[in-house]
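Asks: Quick one: this structure, given as structure tokens, is what I'll be asking you about.
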Protein chains: 6
Amino acid sequence: MILRLDRVGIALPPPSDPDPPGAAAVQELMGGKFGEMSTWLNYTFQSFNFRARQGARPFYDLLCSIATEEFGHVELVAATINTMLTGASPTDDGRAPDAALAELKGIGNPQHFLAGGQGALPQNSQGRPWNGDYVFSSGDLVEDLTHNFFLETGARNNKLKVYEMVDHPAARALTGYLLVRGGVHRVAYARAFENLTGADLTKLFPTPRIPTEKIPECKPHIERGDHLRLYRFSPEDYRELAAVFNGPHPETDEDLEVVDEAPEGALANDLPAQPAVFAPDYAPEEIAEIAKKLRQSAGLPKEPTGAVA
Amino acid sequence: MILRLDRVGIALPPPSDPDPPGAAAVQELMGGKFGEMSTWLNYTFQSFNFRARQGARPFYDLLCSIATEEFGHVELVAATINTMLTGASPTDDGRAPDAALAELKGIGNPQHFLAGGQGALPQNSQGRPWNGDYVFSSGDLVEDLTHNFFLETGARNNKLKVYEMVDHPAARALTGYLLVRGGVHRVAYARAFENLTGADLTKLFPTPRIPTEKIPECKPHIERGDHLRLYRFSPEDYRELAAVFNGPHPETDEDLEVVDEAPEGALANDLPAQPAVFAPDYAPEEIAEIAKKLRQSAGLPKEPTGAVA
Amino acid sequence: MILRLDRVGIALPPPSDPDPPGAAAVQELMGGKFGEMSTWLNYTFQSFNFRARQGARPFYDLLCSIATEEFGHVELVAATINTMLTGASPTDDGRAPDAALAELKGIGNPQHFLAGGQGALPQNSQGRPWNGDYVFSSGDLVEDLTHNFFLETGARNNKLKVYEMVDHPAARALTGYLLVRGGVHRVAYARAFENLTGADLTKLFPTPRIPTEKIPECKPHIERGDHLRLYRFSPEDYRELAAVFNGPHPETDEDLEVVDEAPEGALANDLPAQPAVFAPDYAPEEIAEIAKKLRQSAGLPKEPTGAVA
Amino acid sequence: MILRLDRVGIALPPPSDPDPPGAAAVQELMGGKFGEMSTWLNYTFQSFNFRARQGARPFYDLLCSIATEEFGHVELVAATINTMLTGASPTDDGRAPDAALAELKGIGNPQHFLAGGQGALPQNSQGRPWNGDYVFSSGDLVEDLTHNFFLETGARNNKLKVYEMVDHPAARALTGYLLVRGGVHRVAYARAFENLTGADLTKLFPTPRIPTEKIPECKPHIERGDHLRLYRFSPEDYRELAAVFNGPHPETDEDLEVVDEAPEGALANDLPAQPAVFAPDYAPEEIAEIAKKLRQSAGLPKEPTGAVA
Amino acid sequence: MILRLDRVGIALPPPSDPDPPGAAAVQELMGGKFGEMSTWLNYTFQSFNFRARQGARPFYDLLCSIATEEFGHVELVAATINTMLTGASPTDDGRAPDAALAELKGIGNPQHFLAGGQGALPQNSQGRPWNGDYVFSSGDLVEDLTHNFFLETGARNNKLKVYEMVDHPAARALTGYLLVRGGVHRVAYARAFENLTGADLTKLFPTPRIPTEKIPECKPHIERGDHLRLYRFSPEDYRELAAVFNGPHPETDEDLEVVDEAPEGALANDLPAQPAVFAPDYAPEEIAEIAKKLRQSAGLPKEPTGAVA
Amino acid sequence: MILRLDRVGIALPPPSDPDPPGAAAVQELMGGKFGEMSTWLNYTFQSFNFRARQGARPFYDLLCSIATEEFGHVELVAATINTMLTGASPTDDGRAPDAALAELKGIGNPQHFLAGGQGALPQNSQGRPWNGDYVFSSGDLVEDLTHNFFLETGARNNKLKVYEMVDHPAARALTGYLLVRGGVHRVAYARAFENLTGADLTKLFPTPRIPTEKIPECKPHIERGDHLRLYRFSPEDYRELAAVFNGPHPETDEDLEVVDEAPEGALANDLPAQPAVFAPDYAPEEIAEIAKKLRQSAGLPKEPTGAVA
């Protein structure tokens, strides 16, 4: 079971210039073979299928913790895509139902507008849906770890290239963060590997062999030490991370560190309605009206109780 | 972000007679168009893409809470499949690498043995991978709710038929539970619908029109009132469920109830190794040995700190 | 069995400015999850699989009639795409085999030119093929109707957005017509629903909640009353439509009406050859020459007997 | 546009011993690459995309007529699968919701029971959905005809093998009929080919090279001359078939013949409800009850007006 | 088994102006239904599955030889795509990791940059992966030949259209060559056909009916007689080609000719590194350094022993 | 370019008891994510896309050589499947067209009989087609090698499990051989890795951690030293293998060895016709008759010139 927090991993910048082709490219980090859905669901299925887990507890706890963090990465990719698509259709009510989407014809992923409501889709940069064939869960611990190390390597490659292709502020905030956190996961799997087999993968850092310090958007996260920390995303469980995640970071030689709680994160932006695509409605204010009344009859506070950025 | 608990929704029976063809059928509830991955990821993506959420807070909170519970359902389906496959290959070490899987040739989903480690796969009952085309996230709140109501209707249909096809104790425990909880979600979406539009779907309960009380494995959950409760799966957030989820249950006329925390759940079974498929290893005891040493050098307790059933 | 008429649902405008990216977008209404192939083949398969149909005759007749009309919608979408692609490649024979398609590189759906002959493909707006997973045919009448109501809701959403994105005259003629006719089908399924279960879906009209009268291209069809009529597309059969399709229209309160024959429709345009893509030939006049001779030796009239617009 | 007749191509035998694995095999003729959905939708799309059709009228009319007949073939395949699945689950109401489908675990296509209502699915014999990649519509008439000739060749091969694998009476009635009619279409395309290019394909009959007269279930259709006839499936249109379809049959040397109307066909069986899979309901008699009342209030005859076998 | 030569079919021009949308279009000739992967793998699988091959030796030898040549065609398509993508990202090291790919956003196949290293992918012009459903291998020799003739017809159509769409020098060199060689294969299958059945397909040349001599890039290959030659791609085997491949060419009436060895081909270009996409590395010179040392310690010559153009 | 040899890697046993479900399982080694098509086409595409290859010559040569050997593995898997399916349908001519395939209904992969001619298909053990998404070709040499090492690890896992599931003599001969040769490739990639980065993967042998000497069918190949040899599959090229492939074998500590030519291999079996599925014909002797005449008129020897086992 999981609990959900109404917070996201980092504060994303608010919507600025919309960037539909950029949003289409960022989809590779969502539904691509090496996107966050893949890391998330690979580790999650591996944890579901983990046999004799009590005997292998440190490895099981590591896997579960990383899997749990990955949910937050998928969430951030989705928030980024939504941010980049905000404002792409006119909010000037006068135009709809006229040619409100005409300028988007032939631009970006057409389903962002025709199927979805200017939001994220479980697809890659070509509009192909993520599928379960991207999950590897052999049950063999050494193999699953081999896979995960490779998966994080490929993911780093794809993040770097999306970074290079898309310089929208939200995309850059995302990729800078994902590169640092994915780096931690890569180290974690390498350490698990070493502990289990003795094989030393230290020399494989970084791959692709571009020094991480060359990437400006990674710096703030490195400066606050987030490249060294593995968080325990659970109120009570998964207490054996430190048995695997320890020793020096292969790139910086600083000590790795287990943090005994989830990171604080940030409030999500409440992205504005896009009435041209009926998200959340052609006349979104009516929903707010209804919600207000419902809140009242349920004896809840007059104002929404949730918090947004 | 999410937090993960090392507990599952209900206590599943321990492995008994293995049932590979049954496990293959239960995969429909995992990766089928109407399986738990679909409910989970539909609601999750809809929550990611929810625009103007502050104004629609009760609906947003409802969606997030149900999405969160669905993770636990996927987890339970996986645990069920693992349970049903346990013991399907011989654990008598002497036989491997010989024809340890010979009796499984032509039986069930071949990838349960050839690709996976007698564990769950993100596939349906035909071995076809779940894919992102199964996610509907239009951004239009009324449409998304229409979809979700239909999705839960189809899910109930598939659960009932899996119930009829597979009478393995783990499968029955699963389907009995899922039917009751899916029923709650169906009611929740119907109530959201009604609140938003005025349309009354009460008369559509139950669909398929088989009285729920005829299903013995549902009874314990109904008796403890779980068919009436919507849980708030979050330490602090999503506090406006009661604004939508209230009034009488359409089938029993009892009052619906919001529970302000996650259900207690149960400890998961630690399913035994299946060395013939190398899960978690050809010689699983070696991993346990290594884990022990790692735990020690990290200053952790001698015995695993996690709990299993 | 079916009979085919050499007429289409409405008169489409003749080719004007070609619009390849628009044609690519219109493909969503062809092969998208909510496109016309989906409505057509969903209802058709449900009708094939209808058990105990004699006892449920009014519902069966309704389903068959709507399924039959949907063929004509697919036909119209195809005609629209063909119209929009006409003239996109030069017909000036001098250029071929030179770079006749060079200006189309990177524009629209590349298979419109590389695989097809500037014609419609069974694909969506991303070039992904329609597939049988889009068909829902559970055999449970209430569920199939729930699905169909949801399907028409999603279809309306997609038509509206294609309307907003593509203002080519042929696309607008298409979407205006499809919106009205899809609206009728949505009402029909809601009425079937209500008759079968008592659930009242009246309040769900319209979804998306944009008043239909705001769409100019819908008006002519509304003015001639086509938003109220269900046609019986059969010489002799399916005579029980009126048992389900009756009462007031949920949006306009006017009386619904069953028409005891197919609509008159219109002649199709005979779209010109596109020799650069060899459709129907590099030298199309040779085919006409051969056809003429064949007609003569078969004792048929000198001029083609078929009629085109 | 099309009109639909409440009749099928031939009278199928009523349900006898259910044959789920046979029904799974027959799905190859439904949704396989060479199944009837493929022939149907290939010719249908080619007819939609036919440019300069007036000049090529005899070929256009031929294509449209064959496409139209193919709808009836898909319909018959569906009816066959439904027939073969009838009775596979118990109709003894007492058993449901118990293990009513237990004996079907691991047998045939699991989605016949878990997703559908013991009915046909748009899938092949492996449970893979039919998809739009199976449609070839190049716009080049000679190429489309080349494709169609090859498609009918492959279809004949698959029909023969399904014939050999499945000897259920309904399957044999189906394959006997489809072999004869597919043979006619193969001849028709060969004749079109020859007329257009001069290439003589006569020597390619039959392929696979098994003499058609060796197949007993083909004989009745051959005896009544149905291997020689091309029907004009339209009240008024497509009048130039005879310009292409004429001359001797390549296998029997008898004269080919154009029939100026649709064949009479037969009434469909009204297959009984399968309440264990809720088709059309858990308590199907309630639907009949409602239908009766609806018919009455609409002033329709007391008894269903449609006819079934 | 195969042996590989470090040479390609023809000398391709070196990289010039990069053309990402052109490269995306050329992918149709790689992974499209009628691309070179299809011809290659169709003939290869048919040769693997060829039963009673000794008795049908001339046909088996023909199939194997054509299959073998097709590997070289796939190789050339890949080389073309790589050539066209060379230089699309800046090689000026100063820019990376900055927005080195920004100008490629929304251009061409995004996976050329985000997933691959500006290289070829097993996908079509829409970015959809090639898949095994494109292989036809019925085992029936006449049918397989019917298929292959149709496949080559469709391939010619697609090559012609790619020719018309993409006038990049590498693409034109490729399509000119493939058209000539595909023409030979088309003749070969027609001859096999005729020998086996007596059916004369001579009149079907050319299809599409554009005279091959109108295509300038085909001319050099025609002038050196390559439209008449079938090569025996094997040191010792497949010696019976001449039993099938003989007689006059259907378009030019010149005599067909079997060449008893592989063509000489040409050296491949050694395409430069693209460090912005890390191909083969962010700092490619380091690999060269390592290679040098490895070569030395292995006692190999100081300079690379392989040859490139 | 490649040359093809009419020989296979090892002598397979002749057909014995047919084993259709076993053949269906062996398909995992053909078209599964970790099957031989995947290893083959991954390395082949990586070699096509290898930039700056002259500078990285030892790595390029290694990749090309392994890719080339993999063709032979695919060929052997195909031969194994054909062998296992031989005799599954009756060859007693009298039965066809009767129920010749009736006993195969519901057994194994239905397309082995309905689509193919009892031959291999490019599909996995579930009948799902191999697809291009299984190819990883990032262009980054370290990443591609990471992938290949992981791919070989997964392939070893799948081979071991197919070994355990299928004990048909042909399958065992195949898996014993593939395990040894895949092991060599795994070592080769590990050595390349180490040479390029310094990372030592020695401790990862074997994975899965079952000692290779426990597998009897591997022994003959180990005894003749084939676990130590990398072959140069080219008449003249790829001469720098020894720069990478050298040093001790990680499992046995024996010296690795480069062999400067292809292995001798063995003659393939000429598998008998299966007339019930028309492979290669309903009356295969007619083809032999024709072939004889063709050979004669071409002045070839009276008897087939090719050699079979």
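Each chain in the structure tokens gets a letter, A, B and so on, in the order shown; residues start at 1 in every chain, and ligands are counted from 1 in the order they appear.
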What are the residues of chain B lining chain F at 7 Å or less? Count only C-alpha atoms, and put the answer as a list in words.

Replies: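 Close to chain F, chain B has Pro97, Asp98, Ala99, Ala100, Leu101, Ala102, Leu104, Lys105, Gly106, Pro110, Leu114, Ala115, Gly127, Val277, Phe278, Asp281 and Tyr282 of chain B.
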
Asks: Write out the residues from the selection above, keeping N, CA, C and O atoms, as a CSV table (one decimal), in the first residue's frame.

Replies:
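Result file is result-v2.csv:
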```csv
chain,number,residue,atom,x,y,z
B,97,PRO,N,19.9,-28.5,-13.3
B,97,PRO,CA,19.3,-27.9,-14.4
B,97,PRO,C,18.5,-28.8,-15.3
B,97,PRO,O,18.3,-28.5,-16.5
B,98,ASP,N,18.1,-29.9,-14.8
B,98,ASP,CA,17.4,-30.9,-15.7
B,98,ASP,C,16.1,-30.3,-16.1
B,98,ASP,O,15.8,-29.1,-16.1
B,99,ALA,N,15.2,-31.2,-16.4
B,99,ALA,CA,13.9,-30.8,-16.9
B,99,ALA,C,12.9,-30.3,-15.9
B,99,ALA,O,11.8,-30.6,-15.8
B,100,ALA,N,13.4,-29.3,-15.1
B,100,ALA,CA,12.7,-28.9,-13.9
B,100,ALA,C,11.4,-28.2,-14.3
B,100,ALA,O,10.4,-28.1,-13.5
B,101,LEU,N,11.3,-27.7,-15.5
B,101,LEU,CA,10.0,-27.0,-16.0
B,101,LEU,C,9.2,-27.8,-17.0
B,101,LEU,O,8.3,-27.3,-17.6
B,102,ALA,N,9.6,-29.1,-17.2
B,102,ALA,CA,9.0,-29.9,-18.2
B,102,ALA,C,7.5,-30.0,-18.1
B,102,ALA,O,6.8,-30.0,-19.1
B,104,LEU,N,5.5,-27.9,-17.1
B,104,LEU,CA,4.8,-26.7,-17.3
B,104,LEU,C,4.8,-26.3,-18.8
B,104,LEU,O,4.2,-25.3,-19.1
B,105,LYS,N,5.3,-27.1,-19.6
B,105,LYS,CA,5.3,-26.9,-21.0
B,105,LYS,C,3.9,-26.9,-21.5
B,105,LYS,O,3.1,-27.8,-21.3
B,106,GLY,N,3.5,-25.8,-22.2
B,106,GLY,CA,2.1,-25.8,-22.8
B,106,GLY,C,1.1,-25.4,-21.7
B,106,GLY,O,-0.1,-25.4,-22.0
B,110,PRO,N,3.5,-18.9,-20.7
B,110,PRO,CA,4.9,-19.4,-20.7
B,110,PRO,C,5.9,-18.4,-20.2
B,110,PRO,O,6.9,-18.8,-19.6
B,114,LEU,N,9.5,-18.6,-18.4
B,114,LEU,CA,10.7,-18.4,-19.3
B,114,LEU,C,11.2,-17.0,-19.2
B,114,LEU,O,12.4,-16.8,-19.3
B,115,ALA,N,10.4,-16.1,-18.9
B,115,ALA,CA,10.9,-14.7,-18.8
B,115,ALA,C,11.0,-14.3,-17.3
B,115,ALA,O,12.0,-13.7,-16.9
B,127,GLY,N,-1.3,-12.8,-22.4
B,127,GLY,CA,0.1,-12.5,-22.4
B,127,GLY,C,0.4,-11.2,-23.2
B,127,GLY,O,1.5,-11.0,-23.6
B,277,VAL,N,13.8,-21.4,-11.4
B,277,VAL,CA,13.8,-20.3,-12.3
B,277,VAL,C,14.7,-19.1,-11.7
B,277,VAL,O,14.6,-18.0,-12.2
B,278,PHE,N,15.6,-19.5,-10.8
B,278,PHE,CA,16.6,-18.6,-10.3
B,278,PHE,C,16.0,-17.4,-9.6
B,278,PHE,O,16.5,-16.3,-9.7
B,281,ASP,N,17.6,-16.6,-6.9
B,281,ASP,CA,18.9,-17.1,-7.2
B,281,ASP,C,18.9,-18.6,-7.4
B,281,ASP,O,17.9,-19.3,-6.9
B,282,TYR,N,19.9,-19.2,-8.0
B,282,TYR,CA,20.0,-20.6,-8.1
B,282,TYR,C,20.3,-21.2,-6.7
B,282,TYR,O,19.9,-22.3,-6.4
```

Asks: Would you please give, as a ChimeraX atom specification, all residues of region 143-209 of chain E that DSSP assigns to alpha helix (DSSP H) based on the backbone?

Replies: /E:143-165,169-197

Asks: Please compute the CA of Ala173 (chain A)-CA of His249 (chain A) distance, one decimal, in Å.

Replies: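 CA of Ala173 (chain A) sits 23.2 Å away from CA of His249 (chain A).
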
Asks: Any idea what the distance is between CA of Phe113 (chain A) and CA of Ala78 (chain A)?

Replies: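 If I compute the distance from CA of Phe113 (chain A) to CA of Ala78 (chain A), I get 15.0 Å.
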
Asks: Between F:Gln118, F:Val308, F:Leu178, F:Ser38, which one has atoms that come closest to Pro90 (chain F), using only C-alpha atoms?

Replies: F:Gln118

Asks: Using only C-alpha atoms for the distances, tell me which of F:Pro15, F:Gly225, F:Gly117, F:Pro250 is nearest to Ala199 (chain A).

Replies: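 That would be F:Pro250, the residue with the smallest distance to Ala199 (chain A).
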
Asks: List as a list in words the protein and nucleic acid residues near Leu271 (chain B), meaning an atom at most 8 Å away when only C-alpha atoms are counted, but skip any in the same chain fewer than 5 places from it.

Replies: Arg51, Ala52 and Arg53 of chain A; Pro15, Asn82, Thr83 and Thr86 of chain B

Asks: Could you tell me how far CA of Ala291 (chain E) sits from CA of Pro58 (chain F), in Å to one decimal place?

Replies: 6.4 Å

Asks: Which neighbours of Glu69 (chain A) fall inside 8 Å, counting only C-alpha atoms, when residues of the same chain fewer than 3 positions from it are skipped, and could you give them as a compact mmCIF listing (two decimals) with all heavy atoms, in the first residue's frame?

Replies:
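Result file follows (out_33.txt):
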```txt
# COMPACT_ATOMS: atom_id res chain seq x y z
N SER A 65 12.39 1.43 -1.93
CA SER A 65 12.56 2.87 -1.71
C SER A 65 12.77 3.61 -3.02
O SER A 65 12.21 4.68 -3.25
CB SER A 65 13.74 3.13 -0.77
OG SER A 65 13.43 2.64 0.51
N ILE A 66 13.59 3.03 -3.87
CA ILE A 66 13.83 3.70 -5.16
C ILE A 66 12.54 3.69 -5.99
O ILE A 66 12.17 4.70 -6.59
CB ILE A 66 14.98 3.03 -5.92
CG1 ILE A 66 16.28 3.14 -5.09
CG2 ILE A 66 15.18 3.67 -7.28
CD1 ILE A 66 17.49 2.49 -5.72
N GLY A 72 7.26 9.84 -7.82
CA GLY A 72 7.39 11.29 -7.80
C GLY A 72 8.05 11.84 -9.06
O GLY A 72 7.76 12.97 -9.47
N HIS A 73 8.90 11.03 -9.68
CA HIS A 73 9.52 11.50 -10.92
C HIS A 73 8.50 11.51 -12.05
O HIS A 73 8.45 12.44 -12.86
CB HIS A 73 10.71 10.62 -11.27
CG HIS A 73 11.85 10.73 -10.29
ND1 HIS A 73 13.07 10.14 -10.47
CD2 HIS A 73 11.95 11.39 -9.11
CE1 HIS A 73 13.86 10.41 -9.45
NE2 HIS A 73 13.20 11.16 -8.60
N PHE A 233 11.32 6.50 1.78
CA PHE A 233 9.98 7.03 1.53
C PHE A 233 8.92 6.18 2.23
O PHE A 233 8.10 5.57 1.57
CB PHE A 233 9.71 7.04 0.03
CG PHE A 233 10.31 8.19 -0.73
CD1 PHE A 233 11.61 8.14 -1.20
CD2 PHE A 233 9.56 9.34 -0.97
CE1 PHE A 233 12.15 9.20 -1.92
CE2 PHE A 233 10.10 10.40 -1.70
CZ PHE A 233 11.40 10.34 -2.17
N MET B 1 4.18 13.00 -4.65
CA MET B 1 5.05 12.02 -3.99
C MET B 1 4.19 11.02 -3.23
O MET B 1 3.07 11.32 -2.86
CB MET B 1 6.00 12.75 -3.03
CG MET B 1 7.02 13.63 -3.77
SD MET B 1 8.36 14.19 -2.67
CE MET B 1 7.44 15.21 -1.52
N ILE B 2 4.77 9.85 -3.05
CA ILE B 2 4.07 8.84 -2.26
C ILE B 2 5.01 8.29 -1.18
O ILE B 2 6.24 8.42 -1.28
CB ILE B 2 3.58 7.66 -3.13
CG1 ILE B 2 4.75 7.03 -3.91
CG2 ILE B 2 2.46 8.07 -4.05
CD1 ILE B 2 4.40 5.72 -4.60
```

Asks: Within 12 Å of Ala266 (chain D), counting only C-alpha atoms, which residues show up once you throw out same-chain ones fewer than 5 positions away? Write them as a VMD selection string, please.

Replies: (chain C and resid 1) or (chain D and resid 5 to 13 72 76 307 to 309)

Asks: Could you list, as a list in words, every residue within 8 Å of region 286-290 of chain B, counting only C-alpha atoms and ignoring same-chain residues fewer than 5 positions away?

Replies: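 The neighbour list is Gly55, Ala56, Asn195 and Leu196 of chain A; Asp281 of chain B.
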
Asks: Which residue gives the smallest distance to Ser137 (chain B) among A:Leu256, A:Ala79, A:Ala120, A:Ala170, with only C-alpha atoms counted?

Replies: A:Ala120

Asks: Do a neighbour search on Thr153 (chain D) at 12 Å with only C-alpha atoms, toss out local chain neighbours closer than 6 positions, and write the hits as an NGL selection string.

Replies: (:D and (34-35 or 39 or 146-147 or 159-160 or 179 or 182-187 or 189-190 or 204-209)) or (:E and (138 or 140 or 142-147 or 150))

Asks: Grab the residues selected above and save them as an mmCIF file, in the first residue's frame with C-alpha atoms.

Replies:
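Listed below is the output, selection_24.cif:
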```
data_model
loop_
_atom_site.group_PDB
_atom_site.id
_atom_site.type_symbol
_atom_site.label_atom_id
_atom_site.label_comp_id
_atom_site.auth_asym_id
_atom_site.auth_seq_id
_atom_site.Cartn_x
_atom_site.Cartn_y
_atom_site.Cartn_z
ATOM 1 C CA PHE D 34 -5.638 -12.973 -43.829
ATOM 2 C CA GLY D 35 -8.947 -13.094 -42.027
ATOM 3 C CA THR D 39 -10.393 -8.659 -46.830
ATOM 4 C CA THR D 146 -1.826 -7.359 -56.953
ATOM 5 C CA HIS D 147 -2.274 -7.099 -53.227
ATOM 6 C CA LYS D 159 -9.318 -21.238 -44.564
ATOM 7 C CA LEU D 160 -8.094 -24.631 -45.723
ATOM 8 C CA LEU D 179 -13.627 -21.205 -49.688
ATOM 9 C CA GLY D 182 -13.193 -16.402 -51.681
ATOM 10 C CA GLY D 183 -12.451 -18.392 -54.822
ATOM 11 C CA VAL D 184 -14.841 -16.191 -56.761
ATOM 12 C CA HIS D 185 -13.145 -13.067 -55.455
ATOM 13 C CA ARG D 186 -9.775 -14.469 -56.380
ATOM 14 C CA VAL D 187 -11.011 -15.048 -59.913
ATOM 15 C CA TYR D 189 -9.216 -9.920 -59.105
ATOM 16 C CA ALA D 190 -7.342 -12.094 -61.585
ATOM 17 C CA LEU D 204 -2.304 -19.938 -60.598
ATOM 18 C CA PHE D 205 -5.579 -21.694 -59.868
ATOM 19 C CA PRO D 206 -5.909 -23.243 -57.404
ATOM 20 C CA THR D 207 -3.379 -22.120 -54.817
ATOM 21 C CA PRO D 208 -2.795 -23.911 -52.462
ATOM 22 C CA ARG D 209 -2.915 -26.551 -55.152
ATOM 23 C CA SER E 138 3.550 -19.959 -45.315
ATOM 24 C CA ASP E 140 3.757 -23.091 -49.605
ATOM 25 C CA VAL E 142 3.730 -20.788 -54.811
ATOM 26 C CA GLU E 143 2.201 -18.636 -52.101
ATOM 27 C CA ASP E 144 5.504 -17.440 -50.770
ATOM 28 C CA LEU E 145 6.470 -16.441 -54.302
ATOM 29 C CA THR E 146 3.121 -14.686 -54.810
ATOM 30 C CA HIS E 147 3.824 -12.780 -51.642
ATOM 31 C CA PHE E 150 3.668 -8.430 -54.312
#
```
